[in-house]
Amino acid sequence: MRTQVCIIGGGPSGLLLSQLLHRKGIDSVVLERKTRDYVLGRIRAGVLERGFVELMREAGVSQRMDAEGYVHDGTLIAYDDRTFRVDFAKLAQASVLVYGQTEVTRDLYDAREAAGGKIVFNVEGVSIHGADSDAPYVEYTVAGTGERIEADYVVGCDGFHGVSRQSIPASVRREYEKVYPFGWLGILSETPPVDHELIYANSSRGFALCSMRNANLSRYYIQCPLSDSPESWSDAAFWDELKRRIPEETAAKLITGPSIEKSIAPLRSFVSEPMRWGRLFLCGDAAHIVPPTGAKGLNTAASDIHYLYHAMVQFYRDGEVEGLDRYSEKALARVWKAERFSWWMSNLLHQYPEAGAFDQKMQRAELEFLETSEAAQRVMAENYVGLPY
């Protein structure tokens, strides 16, 4: 098989790139190791930056998102039974959109299938060859049959555990990592959200987040030790702990119910440089991971897609390679700013086991400064809604 761009990974970033390229007449094939139903069964975040929203519109897949997504013009920060609001619309002249990653992926699958896009599911044994040559190709098997795709370029959208990053020689890669000493215990419940905006809560008992997917589907998180397991937390214990970590007024309004999904996510920051080796490009979790604090994971993948998509259009339309040559540089510059913001929010809101009295005073001073300083809130707002591409 021959294509212009072979994309490894059928999640939202790989599908978005494929759809954007299709609309510019550039052919691609997407390889996915699972089934469509499996991919759509993943529970993920759903806060979309302004740049991601515009990419969805440019890809022609925004109709349902625009109709069903919830515009958030701000967010709430709580500590010591106090709550203040950071006004995105006023301070950054922009907003974010709450629309689940599962729905983003569904819309992209529907668009690719309607356009006759080539997506191969249940692939195994993927290997990348000749990435540092002018003739890269990808080999894989489906149902025991070996296949080969020749392409101009290969794009790795296959996540942290995928083959793409590992295909760049260790002598070329430099990896940076910070592992946080706690996780997030999250539940999904068919209950109305406690507030129409997200609430980030700093508590002496640990961090908490009140979020939502829609008017009848809520997502809540609490900081927990990495040694915990979802099975060790009953629904009743979770709701009781959540109420202890959010302001009393908010807790009094909280509507609880059975969880329909419960999991613990460890927190880490990770960046691999460079994001290009020859004709192989990395996007999203294949190259970097951010803590979920601040909702930058999916959005940082989208910024990668923005840079790579425009670079490929420039190449196929004009024969210009500058965008491809500078892809890693541009993508990493924005990635590190997103890493900084997630690191800052994580430090602001969580309780660290090793924190001493001085660290606790500094965290409290930072919260008070953010509450009282419009300049500090503007910096947070500009980062939360998404820095310009």
# chains A, B, ... in the order shown; residues from 1 in each chain; ligands from 1

$ residues_around --residues "Arg148 of chain A" --least-positions-apart "5" --cutoff "12 Å" --atoms "only C-alpha atoms" --output "short mmCIF file (atom, residue, chain, number, x, y, z; two decimals) with N, CA and C atoms, in the first residue's frame"
data_model
loop_
_atom_site.label_atom_id
_atom_site.label_comp_id
_atom_site.auth_asym_id
_atom_site.auth_seq_id
_atom_site.Cartn_x
_atom_site.Cartn_y
_atom_site.Cartn_z
N MET A 1 0.84 -1.19 0.00
CA MET A 1 0.00 0.00 0.00
C MET A 1 0.88 1.25 0.00
N ARG A 2 0.41 2.28 -0.66
CA ARG A 2 1.15 3.54 -0.73
C ARG A 2 0.25 4.69 -0.31
N THR A 3 0.78 5.59 0.50
CA THR A 3 0.04 6.78 0.90
C THR A 3 1.03 7.93 1.08
N CYS A 6 1.41 8.26 6.65
CA CYS A 6 0.96 7.13 7.47
C CYS A 6 0.89 7.60 8.91
N VAL A 29 -3.31 7.26 5.76
CA VAL A 29 -3.83 6.01 6.30
C VAL A 29 -3.59 6.03 7.80
N LEU A 31 -3.51 3.85 11.35
CA LEU A 31 -3.39 2.51 11.92
C LEU A 31 -3.76 2.58 13.40
N VAL A 123 -4.49 -3.54 14.45
CA VAL A 123 -3.15 -3.79 13.93
C VAL A 123 -2.23 -4.23 15.07
N GLY A 125 2.03 -5.55 16.04
CA GLY A 125 3.42 -5.63 15.60
C GLY A 125 3.86 -4.50 14.70
N VAL A 126 3.41 -3.29 14.97
CA VAL A 126 3.79 -2.15 14.13
C VAL A 126 5.28 -1.87 14.27
N SER A 127 5.96 -1.67 13.14
CA SER A 127 7.37 -1.29 13.15
C SER A 127 7.61 -0.25 12.06
N ILE A 128 8.45 0.72 12.37
CA ILE A 128 8.76 1.82 11.46
C ILE A 128 10.16 1.62 10.90
N HIS A 129 10.29 1.74 9.59
CA HIS A 129 11.57 1.50 8.93
C HIS A 129 11.95 2.68 8.04
N PRO A 136 10.53 6.06 3.85
CA PRO A 136 10.09 5.35 5.06
C PRO A 136 8.93 4.40 4.75
N TYR A 137 8.80 3.36 5.57
CA TYR A 137 7.65 2.48 5.44
C TYR A 137 7.33 1.88 6.80
N VAL A 138 6.10 1.42 6.93
CA VAL A 138 5.60 0.86 8.19
C VAL A 138 5.10 -0.55 7.91
N GLU A 139 5.51 -1.48 8.75
CA GLU A 139 5.03 -2.86 8.66
C GLU A 139 4.18 -3.19 9.87
N TYR A 140 3.18 -4.05 9.65
CA TYR A 140 2.28 -4.44 10.73
C TYR A 140 1.54 -5.71 10.30
N THR A 141 0.81 -6.31 11.23
CA THR A 141 -0.02 -7.46 10.90
C THR A 141 -1.46 -7.20 11.32
N VAL A 142 -2.38 -7.78 10.58
CA VAL A 142 -3.80 -7.77 10.91
C VAL A 142 -4.31 -9.20 10.72
#

$ residues_around --residues "segment 182-199 of chain A" --least-positions-apart "5" --cutoff "6 Å" --atoms "only C-alpha atoms" --output "short mmCIF file (atom, residue, chain, number, x, y, z; two decimals) with C-alpha atoms, in the first residue's frame"
data_model
loop_
_atom_site.label_atom_id
_atom_site.label_comp_id
_atom_site.auth_asym_id
_atom_site.auth_seq_id
_atom_site.Cartn_x
_atom_site.Cartn_y
_atom_site.Cartn_z
CA THR A 75 -13.42 28.95 36.50
CA LEU A 76 -13.64 28.87 40.29
CA ILE A 77 -10.74 28.45 42.73
CA LEU A 209 -11.99 19.06 41.23
CA CYS A 210 -15.67 19.39 40.34
CA SER A 211 -16.12 19.02 36.59
CA MET A 212 -18.78 17.87 34.13
CA ALA A 215 -26.09 18.68 32.17
CA ASN A 216 -26.62 15.18 33.57
CA LEU A 217 -23.12 13.73 33.63
CA SER A 218 -20.56 14.88 36.19
CA ARG A 219 -16.87 14.13 36.67
CA TYR A 220 -15.31 14.54 40.11
CA TYR A 221 -11.75 13.99 41.32
CA ILE A 222 -9.88 13.89 44.62
CA GLN A 223 -6.16 13.64 45.27
CA CYS A 224 -5.18 10.25 46.68
CA PRO A 225 -2.05 8.24 47.51
CA LEU A 226 -0.59 6.23 44.65
CA LEU A 254 -23.86 18.47 45.70
CA SER A 259 -20.55 5.91 39.98
CA ILE A 260 -20.59 4.54 36.44
CA GLU A 261 -16.80 4.67 36.14
CA LYS A 262 -14.06 4.90 38.76
CA SER A 263 -10.32 5.04 38.23
CA ILE A 264 -7.04 6.39 39.60
CA ALA A 265 -4.70 8.33 37.34
CA PRO A 266 -1.08 8.93 38.37
CA LEU A 267 0.33 12.38 37.64
#

$ residues_around --residues "Ile168 of chain A" --least-positions-apart "6" --cutoff "10 Å" --atoms "only C-alpha atoms" --output "compact mmCIF listing (two decimals) with C-alpha atoms, in the first residue's frame"
# COMPACT_ATOMS: atom_id res chain seq x y z
CA ILE A 128 8.76 1.82 11.46
CA ALA A 131 12.52 7.00 8.97
CA ASP A 132 15.93 8.59 8.46
CA GLU A 273 13.05 15.87 22.43
CA PRO A 274 13.22 16.15 19.47
CA MET A 275 9.72 15.58 18.10
CA ARG A 276 11.04 14.85 14.62
CA TRP A 277 13.60 12.38 13.36
CA GLY A 278 14.00 12.31 9.60
CA LEU A 280 9.04 10.56 11.48
CA PHE A 281 7.07 13.12 13.50
CA LEU A 282 5.69 12.71 17.03

$ closest_residue --among "A:Val96, A:Ala201, A:Ala331, A:Met312" --to "Ser346 of chain A" --atoms "only C-alpha atoms"
A:Ala201

$ residues_around --residues "Ala301 of chain A" --least-positions-apart "2" --cutoff "7 Å" --atoms "only C-alpha atoms" --output "list in words"
Ser13, Cys283, Gly284, Gly297, Leu298, Asn299, Ser303, Asp304 and Ile305 of chain A

$ select_by_dssp --residues "segment 254-334 of chain A" --states "alpha helix (DSSP H)" --output "JSON, numbers by chain"
{"A": [297, 298, 299, 300, 301, 302, 303, 304, 305, 306, 307, 308, 309, 310, 311, 312, 313, 314, 315, 316, 317, 318, 322, 323, 324, 325, 327, 328, 329, 330, 331, 332, 333, 334]}

$ atom_distance --atom1 "atom CA of Gly323 of chain A" --atom2 "atom CA of Arg112 of chain A"
25.3 Å

$ closest_residue --among "A:Gly51, A:Pro292, A:Gly356, A:Gly14" --to "Tyr180 of chain A" --atoms "only C-alpha atoms"
A:Pro292

$ atom_distance --atom1 "atom CA of Arg165 of chain A" --atom2 "atom CA of Tyr38 of chain A"
22.9 Å

$ closest_residue --among "A:Ala302, A:Ala252, A:Gln363, A:Tyr200" --to "Phe84 of chain A" --atoms "only C-alpha atoms"
A:Tyr200

$ atom_distance --atom1 "atom CA of Arg205 of chain A" --atom2 "atom CA of Trp344 of chain A"
19.3 Å

$ residues_around --residues "Ser342 of chain A" --least-positions-apart "4" --cutoff "10 Å" --atoms "only C-alpha atoms" --output "list in words"
Ser269, Val290, Pro291, Pro292, Thr293, Gly294, Ala295, Lys296, Gly297, Trp336, Lys337, Ala338, Ser346, Asn347, Leu348, Asn383 and Tyr384 of chain A

$ write_last_selection --atoms "C-alpha atoms" --output "short mmCIF file (atom, residue, chain, number, x, y, z; two decimals), in the first residue's frame"
data_model
loop_
_atom_site.label_atom_id
_atom_site.label_comp_id
_atom_site.auth_asym_id
_atom_site.auth_seq_id
_atom_site.Cartn_x
_atom_site.Cartn_y
_atom_site.Cartn_z
CA SER A 269 5.19 15.51 33.48
CA VAL A 290 1.20 16.84 31.33
CA PRO A 291 -0.62 16.43 34.65
CA PRO A 292 -4.40 16.81 34.19
CA THR A 293 -4.36 19.98 36.31
CA GLY A 294 -5.27 22.75 33.88
CA ALA A 295 -6.60 20.46 31.12
CA LYS A 296 -3.60 20.63 28.77
CA GLY A 297 -3.16 17.01 27.61
CA TRP A 336 7.11 23.55 27.55
CA LYS A 337 4.83 26.52 28.27
CA ALA A 338 1.92 24.10 28.77
CA SER A 346 -0.39 21.31 40.43
CA ASN A 347 1.87 23.06 42.94
CA LEU A 348 -0.84 25.59 43.72
CA ASN A 383 -2.76 30.11 29.77
CA TYR A 384 -6.00 28.29 30.58
#

$ closest_residue --among "A:Val5, A:Val163, A:Leu97, A:Val61" --to "Val47 of chain A" --atoms "only C-alpha atoms"
A:Leu97
